[in-house]
file structure_33.cif (mmCIF, C-alpha atoms)
data_query
loop_
_atom_site.label_atom_id
_atom_site.label_comp_id
_atom_site.auth_asym_id
_atom_site.auth_seq_id
_atom_site.Cartn_x
_atom_site.Cartn_y
_atom_site.Cartn_z
CA MET A 1 -24.58 18.23 -25.24
CA VAL A 2 -25.97 21.67 -24.36
CA VAL A 3 -27.40 20.38 -21.09
CA ARG A 4 -24.10 18.71 -20.18
CA ALA A 5 -22.11 21.86 -20.94
CA ALA A 6 -24.60 23.99 -18.97
CA PHE A 7 -24.34 21.65 -15.96
CA ALA A 8 -20.52 21.74 -16.07
CA ALA A 9 -20.55 25.55 -16.32
CA LEU A 10 -23.04 25.84 -13.43
CA ILE A 11 -21.13 23.66 -10.96
CA CYS A 12 -17.82 25.29 -11.87
CA THR A 13 -19.35 28.74 -11.32
CA ILE A 14 -20.74 27.70 -7.92
CA ALA A 15 -17.41 26.20 -6.84
CA VAL A 16 -15.22 29.09 -7.97
CA GLY A 17 -17.69 31.67 -6.64
CA SER A 18 -17.81 29.91 -3.26
CA ILE A 19 -14.02 29.90 -2.97
CA ALA A 20 -13.94 33.58 -3.91
CA GLY A 21 -16.51 34.21 -1.17
CA ASN A 22 -14.35 32.34 1.35
CA LEU A 23 -11.43 34.59 0.41
CA TRP A 24 -13.59 37.58 1.34
CA PHE A 25 -13.81 36.27 4.92
CA LEU A 26 -10.11 35.54 5.47
CA ASP A 27 -10.06 38.01 8.36
CA VAL A 28 -12.69 35.91 10.20
CA PHE A 29 -11.61 32.36 9.45
CA GLY A 30 -8.04 32.79 8.30
CA PRO A 31 -6.86 30.42 5.56
CA SER A 32 -8.65 27.36 7.02
CA ALA A 33 -11.84 27.69 4.95
CA VAL A 34 -9.93 28.18 1.69
CA ALA A 35 -7.53 25.35 2.57
CA ALA A 36 -10.54 23.06 3.02
CA ALA A 37 -12.24 24.25 -0.17
CA LEU A 38 -9.36 24.05 -2.66
CA PRO A 39 -8.75 20.26 -2.55
CA LEU A 40 -12.49 19.66 -2.98
CA LEU A 41 -12.33 21.42 -6.36
CA SER A 42 -11.26 18.06 -7.79
CA LEU A 43 -14.85 16.85 -7.37
CA VAL A 44 -16.15 19.61 -9.63
CA ILE A 45 -13.31 19.35 -12.14
CA VAL A 46 -13.53 15.56 -12.54
CA GLY A 47 -17.33 15.63 -12.52
CA SER A 48 -17.40 18.27 -15.27
CA LEU A 49 -14.94 16.34 -17.43
CA LEU A 50 -16.87 13.08 -17.08
CA VAL A 51 -20.20 14.76 -17.86
CA VAL A 52 -18.88 16.55 -20.94
CA ARG A 53 -17.09 13.42 -22.18
CA ARG A 54 -20.20 11.26 -21.55
CA ALA A 55 -18.10 8.84 -19.45
CA GLY A 56 -19.20 6.83 -16.46
CA GLY A 57 -22.97 7.31 -16.80
CA PRO A 58 -24.29 9.17 -13.71
CA ILE A 59 -20.92 9.19 -11.89
CA GLY A 60 -19.84 12.57 -13.31
CA TRP A 61 -23.20 14.14 -12.46
CA LEU A 62 -23.00 12.83 -8.89
CA LEU A 63 -19.40 13.97 -8.35
CA GLY A 64 -19.99 17.40 -9.85
CA ALA A 65 -23.15 18.06 -7.85
CA ALA A 66 -21.46 16.84 -4.65
CA GLY A 67 -18.47 19.12 -5.21
CA ALA A 68 -20.60 22.19 -5.91
CA LEU A 69 -22.81 21.57 -2.85
CA LEU A 70 -19.79 21.03 -0.59
CA GLN A 71 -18.33 24.35 -1.69
CA LEU A 72 -21.69 26.02 -1.14
CA VAL A 73 -22.04 24.53 2.36
CA LEU A 74 -18.57 25.82 3.29
CA LEU A 75 -19.46 29.31 2.06
CA LEU A 76 -22.80 29.33 3.92
CA GLN A 77 -21.09 28.29 7.15
CA VAL A 78 -18.36 30.91 6.79
CA TYR A 79 -20.83 33.66 5.91
CA GLY A 80 -23.23 32.71 8.70
CA SER A 81 -20.50 32.60 11.33
CA ALA A 82 -19.03 35.92 10.16
CA SER A 83 -22.43 37.60 10.23
CA LEU A 84 -22.99 36.60 13.87
CA GLN A 85 -19.69 38.01 15.16
CA ALA A 86 -19.69 41.19 17.19
CA GLY A 87 -19.87 44.32 15.08
CA SER A 88 -20.86 42.52 11.86
CA THR A 89 -23.37 44.19 9.52
CA LEU A 90 -23.90 41.14 7.28
CA PRO A 91 -27.62 40.24 7.06
CA GLU A 92 -29.42 36.89 7.35
CA GLY A 93 -26.66 35.01 9.17
CA GLU A 94 -29.11 32.66 10.91
CA LEU A 95 -30.82 31.87 7.61
CA THR A 96 -27.55 30.94 5.88
CA LEU A 97 -26.47 28.71 8.78
CA TRP A 98 -29.88 27.03 8.71
CA LEU A 99 -29.62 26.41 4.95
CA GLY A 100 -26.08 25.06 5.31
CA SER A 101 -27.18 22.60 8.01
CA VAL A 102 -30.15 21.44 5.92
CA ILE A 103 -28.14 20.57 2.80
CA SER A 104 -24.95 19.43 4.56
CA SER A 105 -25.74 15.70 4.29
CA VAL A 106 -26.74 15.83 0.60
CA PRO A 107 -23.21 16.01 -0.94
CA PHE A 108 -22.04 13.07 1.17
CA GLY A 109 -25.06 11.12 -0.03
CA LEU A 110 -24.11 11.91 -3.62
CA LEU A 111 -20.52 10.74 -3.00
CA VAL A 112 -21.72 7.46 -1.50
CA SER A 113 -24.04 6.98 -4.47
CA ALA A 114 -21.17 7.56 -6.91
CA MET A 115 -19.07 4.89 -5.18
CA VAL A 116 -21.96 2.39 -5.16
CA VAL A 117 -22.51 2.72 -8.93
CA PHE A 118 -18.77 2.84 -9.76
CA PRO A 119 -17.46 2.03 -12.38
CA ASP A 120 -20.32 1.12 -14.78
CA GLY A 121 -23.02 3.47 -13.47
CA HIS A 122 -25.18 0.73 -11.92
CA PRO A 123 -25.36 -0.87 -8.44
CA PRO A 124 -23.65 -4.31 -8.29
CA ASN A 125 -26.96 -6.13 -7.76
CA ARG A 126 -30.63 -5.65 -6.87
CA ALA A 127 -29.95 -5.69 -3.12
CA PHE A 128 -27.60 -2.73 -3.40
CA ALA A 129 -30.10 -0.93 -5.63
CA ILE A 130 -32.71 -1.25 -2.87
CA LEU A 131 -30.21 -0.12 -0.22
CA LEU A 132 -29.25 2.86 -2.37
CA LEU A 133 -32.91 3.89 -2.69
CA ALA A 134 -33.32 3.54 1.08
CA PHE A 135 -30.20 5.66 1.57
CA ALA A 136 -31.55 8.38 -0.73
CA ALA A 137 -34.90 8.35 1.10
CA PHE A 138 -33.14 8.69 4.44
CA ILE A 139 -31.14 11.67 3.12
CA VAL A 140 -34.38 13.43 2.16
CA ILE A 141 -36.10 12.60 5.45
CA SER A 142 -33.11 13.60 7.61
CA SER A 143 -32.74 16.88 5.69
CA LEU A 144 -36.41 17.62 6.40
CA GLY A 145 -35.78 16.85 10.06
CA PHE A 146 -32.81 19.22 10.20
CA ALA A 147 -34.89 21.89 8.47
CA LEU A 148 -37.86 21.89 10.85
CA ALA A 149 -36.80 20.19 14.10
CA ASP A 150 -36.54 22.26 17.27
CA ARG A 151 -32.80 21.75 17.79
CA PRO A 152 -29.87 24.20 18.01
CA ILE A 153 -27.70 24.88 14.98
CA PRO A 154 -23.97 25.09 15.83
CA VAL A 155 -22.03 28.14 14.69
CA PRO A 156 -18.63 27.24 13.11
CA GLN A 157 -15.68 28.42 15.18
CA PRO A 158 -13.71 31.28 13.56
CA SER A 159 -9.93 31.05 13.52
CA GLY A 160 -8.93 34.49 12.25
CA ALA A 161 -9.46 37.81 13.99
CA PHE A 162 -12.23 36.30 16.14
CA ALA A 163 -10.25 33.24 17.25
CA GLY A 164 -10.96 32.29 20.85
CA VAL A 165 -14.67 33.11 20.69
CA PRO A 166 -16.52 30.56 22.89
CA PRO A 167 -18.51 27.87 21.02
CA ARG A 168 -22.11 28.85 20.46
CA SER A 169 -25.27 27.79 18.65
CA ILE A 170 -28.46 29.41 17.42
CA PRO A 171 -32.06 28.22 17.60
CA ASN A 172 -33.68 26.85 14.46
CA PRO A 173 -35.59 29.82 12.96
CA PHE A 174 -38.11 27.50 11.28
CA ALA A 175 -38.63 25.00 14.13
CA LEU A 176 -42.05 23.38 14.50
CA ASN A 177 -43.48 22.63 17.93
CA GLY A 178 -46.07 20.17 19.12
CA PRO A 179 -46.35 16.50 18.08
CA VAL A 180 -45.03 17.20 14.59
CA GLY A 181 -42.01 18.99 16.00
CA ASP A 182 -41.31 16.13 18.42
CA LEU A 183 -41.48 13.63 15.54
CA LEU A 184 -39.09 15.70 13.42
CA LEU A 185 -36.70 15.98 16.36
CA HIS A 186 -36.55 12.17 16.58
CA VAL A 187 -36.01 11.99 12.83
CA ALA A 188 -33.15 14.49 12.98
CA SER A 189 -31.61 12.59 15.91
CA ALA A 190 -31.44 9.37 13.88
CA ILE A 191 -28.20 10.48 12.21
CA ASN A 192 -26.52 7.21 13.27
CA ILE A 193 -28.66 5.41 10.70
CA PHE A 194 -27.08 7.62 8.07
CA LEU A 195 -23.61 6.59 9.26
CA VAL A 196 -24.54 2.90 9.04
CA LEU A 197 -25.99 3.24 5.53
CA VAL A 198 -22.77 4.93 4.39
CA LEU A 199 -21.18 1.46 4.66
CA ILE A 200 -22.96 0.38 1.49
CA ALA A 201 -20.22 2.19 -0.48
CA PRO A 202 -17.24 0.08 0.72
CA LEU A 203 -19.40 -3.05 0.73
CA ALA A 204 -20.37 -2.47 -2.90
CA LEU A 205 -16.70 -2.04 -3.85
CA VAL A 206 -15.73 -5.27 -2.08
CA VAL A 207 -18.54 -7.21 -3.78
CA ARG A 208 -17.55 -5.87 -7.19
CA PHE A 209 -13.86 -6.52 -6.62
CA ARG A 210 -14.37 -10.16 -5.65
CA ARG A 211 -16.16 -10.94 -8.90
CA SER A 212 -14.27 -8.54 -11.20
CA ARG A 213 -11.74 -9.41 -13.87
CA GLY A 214 -9.47 -7.51 -16.24
CA ILE A 215 -10.25 -3.83 -16.79
CA GLU A 216 -12.95 -3.63 -14.12
CA ARG A 217 -10.57 -5.05 -11.50
CA ALA A 218 -7.95 -2.45 -12.41
CA GLN A 219 -10.59 0.30 -12.18
CA LEU A 220 -11.63 -0.88 -8.73
CA LYS A 221 -7.99 -1.06 -7.62
CA TRP A 222 -7.59 2.66 -8.30
CA LEU A 223 -10.53 3.66 -6.11
CA MET A 224 -9.84 1.14 -3.35
CA TYR A 225 -6.16 2.14 -3.23
CA THR A 226 -7.00 5.84 -2.99
CA ALA A 227 -9.68 5.20 -0.37
CA ALA A 228 -7.16 3.23 1.72
CA VAL A 229 -4.55 6.01 1.45
CA THR A 230 -7.16 8.64 2.36
CA PHE A 231 -8.33 6.63 5.37
CA GLY A 232 -4.72 6.20 6.49
CA VAL A 233 -4.02 9.92 6.23
CA LEU A 234 -7.21 10.73 8.15
CA LEU A 235 -6.26 8.24 10.86
CA ILE A 236 -2.68 9.44 11.44
CA PRO A 237 -3.57 12.60 13.46
CA PHE A 238 -5.43 10.39 15.96
CA VAL A 239 -2.51 8.02 16.59
CA VAL A 240 0.52 10.34 16.30
CA PRO A 241 1.52 12.36 19.39
CA PRO A 242 1.53 16.17 19.09
CA SER A 243 4.35 17.08 16.73
CA PRO A 244 5.00 18.79 13.37
CA ILE A 245 4.19 15.42 11.74
CA LYS A 246 0.70 15.47 13.26
CA THR A 247 0.10 19.06 12.13
CA PHE A 248 1.23 18.21 8.61
CA THR A 249 -0.95 15.07 8.34
CA ALA A 250 -3.97 16.93 9.69
CA ALA A 251 -3.51 19.53 6.95
CA MET A 252 -3.10 16.79 4.35
CA SER A 253 -6.31 14.96 5.32
CA THR A 254 -8.48 17.23 3.16
CA PHE A 255 -6.12 16.68 0.23
CA GLY A 256 -6.62 12.93 0.74
CA VAL A 257 -10.36 13.35 0.30
CA GLY A 258 -9.69 15.35 -2.86
CA LEU A 259 -7.77 12.39 -4.30
CA LEU A 260 -10.90 10.19 -4.45
CA PRO A 261 -12.48 11.90 -7.50
CA VAL A 262 -9.08 11.94 -9.21
CA ALA A 263 -8.87 8.15 -8.83
CA ILE A 264 -12.44 7.78 -10.10
CA GLY A 265 -11.63 9.95 -13.12
CA ILE A 266 -8.52 7.90 -13.97
CA ALA A 267 -10.44 4.64 -13.60
CA VAL A 268 -13.48 5.69 -15.63
CA THR A 269 -11.45 7.21 -18.48
CA ARG A 270 -8.88 4.38 -18.24
CA TYR A 271 -6.01 6.85 -18.41
CA ARG A 272 -2.80 5.07 -17.32
CA LEU A 273 -5.10 2.44 -15.83
CA TYR A 274 -2.59 -0.32 -15.24
CA ASP A 275 -0.04 1.90 -13.47
CA ILE A 276 -1.95 1.14 -10.26
CA ASP A 277 0.08 -2.02 -9.51
CA VAL A 278 3.34 -0.05 -9.56
CA LEU A 279 1.77 2.65 -7.39
CA ILE A 280 0.50 0.11 -4.85
CA ASN A 281 3.89 -1.58 -4.75
CA ARG A 282 5.73 1.68 -4.08
CA THR A 283 3.20 2.80 -1.49
CA VAL A 284 3.46 -0.45 0.46
CA VAL A 285 7.25 -0.42 0.34
CA TYR A 286 7.82 3.22 1.25
CA GLY A 287 4.99 3.23 3.76
CA ALA A 288 6.55 0.26 5.56
CA VAL A 289 10.02 1.82 5.33
CA SER A 290 8.77 5.15 6.70
CA ALA A 291 6.90 3.52 9.59
CA THR A 292 9.92 1.39 10.50
CA LEU A 293 12.33 4.32 10.32
CA VAL A 294 10.08 6.56 12.43
CA ALA A 295 9.78 3.84 15.08
CA THR A 296 13.54 3.27 14.92
CA TYR A 297 14.26 6.99 15.25
CA PHE A 298 12.13 7.49 18.37
CA GLY A 299 13.26 4.20 19.90
CA ALA A 300 16.93 4.98 19.29
CA ALA A 301 16.52 8.53 20.63
CA ILE A 302 15.05 7.19 23.88
CA LEU A 303 17.73 4.49 24.14
CA PHE A 304 20.63 6.88 23.44
CA GLN A 305 19.29 9.40 25.93
CA ALA A 306 19.14 6.71 28.62
CA LEU A 307 22.66 5.50 27.84
CA LEU A 308 24.23 8.95 27.51
CA ARG A 309 22.45 10.64 30.41
CA PRO A 310 25.38 10.00 32.80
CA LEU A 311 27.77 11.58 30.29
CA THR A 312 25.77 14.51 28.93
CA SER A 313 22.78 16.51 30.09
CA GLY A 314 21.52 17.40 26.60
CA SER A 315 19.68 15.37 24.00
CA GLU A 316 21.56 16.68 20.94
CA ILE A 317 23.89 13.66 20.80
CA ALA A 318 20.93 11.27 21.08
CA VAL A 319 19.10 13.05 18.27
CA ALA A 320 22.20 13.11 16.06
CA GLY A 321 22.86 9.42 16.70
CA SER A 322 19.26 8.50 15.90
CA THR A 323 19.40 10.52 12.69
CA LEU A 324 22.62 8.86 11.55
CA LEU A 325 21.17 5.43 12.34
CA VAL A 326 18.06 6.13 10.27
CA VAL A 327 20.15 7.38 7.33
CA ALA A 328 22.35 4.27 7.46
CA LEU A 329 19.36 1.92 7.63
CA PHE A 330 17.30 3.46 4.81
CA GLN A 331 18.80 1.74 1.74
CA PRO A 332 19.27 -1.80 3.16
CA LEU A 333 15.85 -1.62 4.82
CA ARG A 334 14.19 -0.49 1.58
CA SER A 335 15.82 -3.36 -0.33
CA ARG A 336 14.75 -5.95 2.23
CA ILE A 337 11.17 -4.69 2.37
CA GLN A 338 10.97 -4.44 -1.45
CA GLU A 339 12.10 -8.06 -1.74
CA ALA A 340 9.61 -9.19 0.92
CA VAL A 341 6.72 -7.35 -0.77
CA ASP A 342 7.60 -8.75 -4.20
CA ARG A 343 7.94 -12.26 -2.80
CA ARG A 344 4.59 -12.08 -0.98
CA PHE A 345 2.37 -10.01 -3.28
CA TYR A 346 4.12 -9.97 -6.68
CA ARG A 347 5.35 -13.54 -6.90
CA ALA A 348 5.50 -13.67 -10.70
CA LYS A 349 7.69 -10.55 -10.82
CA TYR A 350 9.87 -11.92 -8.03
CA ASP A 351 10.32 -15.30 -9.73
CA SER A 352 11.11 -13.58 -13.04
CA GLU A 353 13.82 -11.47 -11.47
CA ARG A 354 15.35 -14.51 -9.76
CA THR A 355 15.31 -16.41 -13.06
CA LEU A 356 16.98 -13.54 -14.92
CA ASP A 357 19.64 -13.21 -12.22
CA ALA A 358 20.41 -16.91 -12.43
CA PHE A 359 20.60 -16.78 -16.25
CA ALA A 360 22.93 -13.78 -16.12
CA ALA A 361 25.22 -15.68 -13.74
CA ARG A 362 25.32 -18.77 -15.99
CA MET A 363 25.72 -16.81 -19.21
CA GLY A 364 29.21 -15.66 -18.25
CA ASP A 365 30.40 -19.27 -17.96
CA GLU A 366 28.59 -20.75 -20.98
CA ILE A 367 30.57 -21.11 -24.21
CA ASP A 368 28.30 -23.51 -26.11
CA LEU A 369 26.12 -21.35 -28.40
CA ASP A 370 23.40 -24.01 -28.76
CA ALA A 371 23.18 -24.48 -25.00
CA LEU A 372 23.05 -20.72 -24.51
CA GLU A 373 20.23 -20.47 -27.05
CA ARG A 374 18.24 -23.16 -25.22
CA GLU A 375 18.85 -21.38 -21.92
CA LEU A 376 17.69 -18.05 -23.39
CA VAL A 377 14.49 -19.56 -24.84
CA GLY A 378 13.76 -21.25 -21.53
CA VAL A 379 14.23 -18.02 -19.58
CA VAL A 380 11.96 -16.08 -21.96
CA ASN A 381 9.27 -18.76 -21.69
CA ASP A 382 9.48 -18.78 -17.88
CA THR A 383 9.44 -15.02 -17.41
CA MET A 384 7.35 -13.62 -20.27
CA GLN A 385 5.26 -16.72 -21.14
CA PRO A 386 4.81 -15.77 -24.83
CA ALA A 387 2.73 -17.77 -27.30
CA HIS A 388 5.79 -18.37 -29.50
CA THR A 389 9.52 -17.94 -28.95
CA GLY A 390 12.28 -17.68 -31.53
CA VAL A 391 15.93 -16.63 -31.62
CA TRP A 392 17.65 -15.06 -34.61
CA LEU A 393 21.45 -15.05 -34.61
CA ARG A 394 23.47 -12.96 -37.02
CA SER A 395 26.36 -14.90 -38.51
CA GLY A 396 29.78 -13.44 -37.92
CA ARG A 397 31.59 -11.63 -40.73
#

call {"tool": "encode", "arguments": {"input": "structure_33.cif", "output": "structure tokens"}}
result
Amino acid sequence: MVVRAAFAALICTIAVGSIAGNLWFLDVFGPSAVAAALPLLSLVIVGSLLVVRRAGGPIGWLLGAAGALLQLVLLLQVYGSASLQAGSTLPEGELTLWLGSVISSVPFGLLVSAMVVFPDGHPPNRAFAILLLAFAAFIVISSLGFALADRPIPVPQPSGAFAGVPPRSIPNPFALNGPVGDLLLHVASAINIFLVLVLIAPLALVVRFRRSRGIERAQLKWLMYTAAVTFGVLLIPFVVPPSPIKTFTAAMSTFGVGLLPVAIGIAVTRYRLYDIDVLINRTVVYGAVSATLVATYFGAAILFQALLRPLTSGSEIAVAGSTLLVVALFQPLRSRIQEAVDRRFYRAKYDSERTLDAFAARMGDEIDLDALERELVGVVNDTMQPAHTGVWLRSGR
């Protein structure tokens, strides 16, 4: 228990200290570094809780170490960039940038490993165990290549007082030359292999989900749902035209990544585990409603502008008309999409609701108490499917 508590204290200290260091350089990077660091605190928090509670086997250790290293990499990049700006007196800027580039792939390797062994702490089969070992070996080899290869190290772009500084890079201060240096350069250039091996994480989740049942399936739903939402949020800035929506989703992308450890923590500790079906249902419904309304809004705005152009030179009427149309469509559209989702993906719930609606309609016309009792028992059996059903009626006074 002492080792677990010491590990939790260490990673929390590194994370909080790194964020405090980022605050020191607000004048160089503005709030961007802190905005990127804060959501990633969830990795350290969830990892610490899992380690202290002895839950999830190595998952807590992997998440906690990944979170602490990510915070450290952010701090090293911010410090190194600040130290290389004109007029800076901070020492060893090149060394900190070099160290940040060397360890930058390690936390992502730890995150992939956590997802491969989720939720029981072991790979799904021997093949994935071998792939995970190969992935770990490649992380070590690529880090060695980044450490000693003769290749430039990019300097992160500041966004505060030094915004607008042209992109730059520095030479590797520990680069090796000769045949060994050429070999390390090829090793460091093989980063695409790392990207391919990252796919073992989603593949492991799919393999587990296909053969899972009961609690394990619910655990996997939490992580797969959160991963899908995170991927969707990350994808939106690439498909949405420049607008306040794009700026907002770009800012939210880091928060999406921070949701992954939260989902893992809920799944491993089984806290409110079976709420995931309700969450998925609401996400599908409101996601479809939002997408439809956004498309309707822009389509109606373009249509109204074309129709009203001969009558008015401004677009205010078109915008107002589109807004009113979206407001009027929201409730009926939500009801239709909710019914379609329930009918397609939650058939048992949909059939139960239809059965209850039909029973409620018949109950108002039924006067035979015995027939009503039979109807009630039949409805309960169809909707709830209990092992036994009974009806107790209180005699009138």

call {"tool": "residues_around", "arguments": {"input": "structure_33.cif", "residues": "Gly109 in chain A", "least_positions_apart": "5", "cutoff": "8 Å", "atoms": "only C-alpha atoms", "output": "count of residues only"}}
result
4

call {"tool": "resolve_selection", "arguments": {"input": "structure_33.cif", "expression": "the PyMOL selection byres ((chain A and resi 206-221) around 10)", "output": "PyMOL selection string"}}
result
chain A and resi 116+118-120+123-125+200-205+222-227+263-270+273-277+280

call {"tool": "atom_distance", "arguments": {"input": "structure_33.cif", "atom1": "CA of Arg151 in chain A", "atom2": "CA of Leu110 in chain A"}}
result
25.1 Å

call {"tool": "atom_distance", "arguments": {"input": "structure_33.cif", "atom1": "CA of Ile153 in chain A", "atom2": "CA of Trp98 in chain A"}}
result
7.0 Å

call {"tool": "resolve_selection", "arguments": {"input": "structure_33.cif", "expression": "the PyMOL selection byres ((chain A and resi 79) around 10)", "output": "short mmCIF file (atom, residue, chain, number, x, y, z; two decimals) with C-alpha atoms, keeping the file's coordinate frame"}}
result
data_model
loop_
_atom_site.label_atom_id
_atom_site.label_comp_id
_atom_site.auth_asym_id
_atom_site.auth_seq_id
_atom_site.Cartn_x
_atom_site.Cartn_y
_atom_site.Cartn_z
CA GLY A 21 -16.51 34.21 -1.17
CA ASN A 22 -14.35 32.34 1.35
CA TRP A 24 -13.59 37.58 1.34
CA PHE A 25 -13.81 36.27 4.92
CA VAL A 28 -12.69 35.91 10.20
CA PHE A 29 -11.61 32.36 9.45
CA VAL A 73 -22.04 24.53 2.36
CA LEU A 74 -18.57 25.82 3.29
CA LEU A 75 -19.46 29.31 2.06
CA LEU A 76 -22.80 29.33 3.92
CA GLN A 77 -21.09 28.29 7.15
CA VAL A 78 -18.36 30.91 6.79
CA GLY A 80 -23.23 32.71 8.70
CA SER A 81 -20.50 32.60 11.33
CA ALA A 82 -19.03 35.92 10.16
CA SER A 83 -22.43 37.60 10.23
CA LEU A 84 -22.99 36.60 13.87
CA LEU A 90 -23.90 41.14 7.28
CA PRO A 91 -27.62 40.24 7.06
CA GLU A 92 -29.42 36.89 7.35
CA GLY A 93 -26.66 35.01 9.17
CA GLU A 94 -29.11 32.66 10.91
CA THR A 96 -27.55 30.94 5.88
CA LEU A 97 -26.47 28.71 8.78
CA PRO A 156 -18.63 27.24 13.11
#

call {"tool": "atom_distance", "arguments": {"input": "structure_33.cif", "atom1": "CA of Pro179 in chain A", "atom2": "CA of Ser101 in chain A"}}
result
22.5 Å

call {"tool": "closest_residue", "arguments": {"input": "structure_33.cif", "among": "A:Gly56, A:Gly64, A:Gly121, A:Gly100", "to": "Leu10 in chain A", "atoms": "all atoms listed in the file"}}
result
A:Gly64

call {"tool": "closest_residue", "arguments": {"input": "structure_33.cif", "among": "A:Ser142, A:Thr292, A:Ser88, A:Ser42", "to": "His186 in chain A", "atoms": "all atoms listed in the file"}}
result
A:Ser142

call {"tool": "closest_residue", "arguments": {"input": "structure_33.cif", "among": "A:Leu259, A:Cys12, A:Pro107, A:Thr254", "to": "Val34 in chain A", "atoms": "all atoms listed in the file"}}
result
A:Thr254

call {"tool": "build_atoms", "arguments": {"input": "structure_33.cif", "residues": "range 93-112 of chain A", "atoms": "N, CA and C atoms", "output": "mmCIF file, in the coordinates of the input"}}
result
data_model
loop_
_atom_site.group_PDB
_atom_site.id
_atom_site.type_symbol
_atom_site.label_atom_id
_atom_site.label_comp_id
_atom_site.auth_asym_id
_atom_site.auth_seq_id
_atom_site.Cartn_x
_atom_site.Cartn_y
_atom_site.Cartn_z
ATOM 1 N N GLY A 93 -27.637 36.030 8.763
ATOM 2 C CA GLY A 93 -26.660 35.010 9.170
ATOM 3 C C GLY A 93 -27.323 33.736 9.645
ATOM 4 N N GLU A 94 -28.412 33.854 10.409
ATOM 5 C CA GLU A 94 -29.110 32.660 10.910
ATOM 6 C C GLU A 94 -29.705 31.856 9.761
ATOM 7 N N LEU A 95 -30.227 32.556 8.751
ATOM 8 C CA LEU A 95 -30.820 31.870 7.610
ATOM 9 C C LEU A 95 -29.772 31.071 6.843
ATOM 10 N N THR A 96 -28.593 31.654 6.634
ATOM 11 C CA THR A 96 -27.550 30.940 5.880
ATOM 12 C C THR A 96 -27.043 29.731 6.669
ATOM 13 N N LEU A 97 -26.886 29.863 7.980
ATOM 14 C CA LEU A 97 -26.470 28.710 8.780
ATOM 15 C C LEU A 97 -27.531 27.616 8.746
ATOM 16 N N TRP A 98 -28.787 28.009 8.787
ATOM 17 C CA TRP A 98 -29.880 27.030 8.710
ATOM 18 C C TRP A 98 -29.829 26.294 7.368
ATOM 19 N N LEU A 99 -29.657 27.035 6.273
ATOM 20 C CA LEU A 99 -29.620 26.410 4.950
ATOM 21 C C LEU A 99 -28.409 25.484 4.837
ATOM 22 N N GLY A 100 -27.266 25.908 5.361
ATOM 23 C CA GLY A 100 -26.080 25.060 5.310
ATOM 24 C C GLY A 100 -26.276 23.758 6.076
ATOM 25 N N SER A 101 -26.937 23.818 7.235
ATOM 26 C CA SER A 101 -27.180 22.600 8.010
ATOM 27 C C SER A 101 -28.171 21.673 7.323
ATOM 28 N N VAL A 102 -29.134 22.264 6.593
ATOM 29 C CA VAL A 102 -30.150 21.440 5.920
ATOM 30 C C VAL A 102 -29.542 20.632 4.786
ATOM 31 N N ILE A 103 -28.666 21.251 3.989
ATOM 32 C CA ILE A 103 -28.140 20.570 2.800
ATOM 33 C C ILE A 103 -26.788 19.892 3.058
ATOM 34 N N SER A 104 -26.301 19.924 4.294
ATOM 35 C CA SER A 104 -24.950 19.430 4.560
ATOM 36 C C SER A 104 -24.791 17.938 4.291
ATOM 37 N N SER A 105 -25.854 17.155 4.487
ATOM 38 C CA SER A 105 -25.740 15.700 4.290
ATOM 39 C C SER A 105 -25.923 15.297 2.825
ATOM 40 N N VAL A 106 -26.452 16.187 1.996
ATOM 41 C CA VAL A 106 -26.740 15.830 0.600
ATOM 42 C C VAL A 106 -25.471 15.513 -0.202
ATOM 43 N N PRO A 107 -24.400 16.355 -0.148
ATOM 44 C CA PRO A 107 -23.210 16.010 -0.940
ATOM 45 C C PRO A 107 -22.570 14.695 -0.530
ATOM 46 N N PHE A 108 -22.605 14.355 0.746
ATOM 47 C CA PHE A 108 -22.040 13.070 1.170
ATOM 48 C C PHE A 108 -22.895 11.915 0.643
ATOM 49 N N GLY A 109 -24.206 12.129 0.583
ATOM 50 C CA GLY A 109 -25.060 11.120 -0.030
ATOM 51 C C GLY A 109 -24.761 10.925 -1.499
ATOM 52 N N LEU A 110 -24.465 12.015 -2.199
ATOM 53 C CA LEU A 110 -24.110 11.910 -3.620
ATOM 54 C C LEU A 110 -22.784 11.180 -3.802
ATOM 55 N N LEU A 111 -21.803 11.439 -2.919
ATOM 56 C CA LEU A 111 -20.520 10.740 -3.000
ATOM 57 C C LEU A 111 -20.676 9.254 -2.762
ATOM 58 N N VAL A 112 -21.466 8.888 -1.764
ATOM 59 C CA VAL A 112 -21.720 7.460 -1.500
ATOM 60 C C VAL A 112 -22.394 6.823 -2.696
#
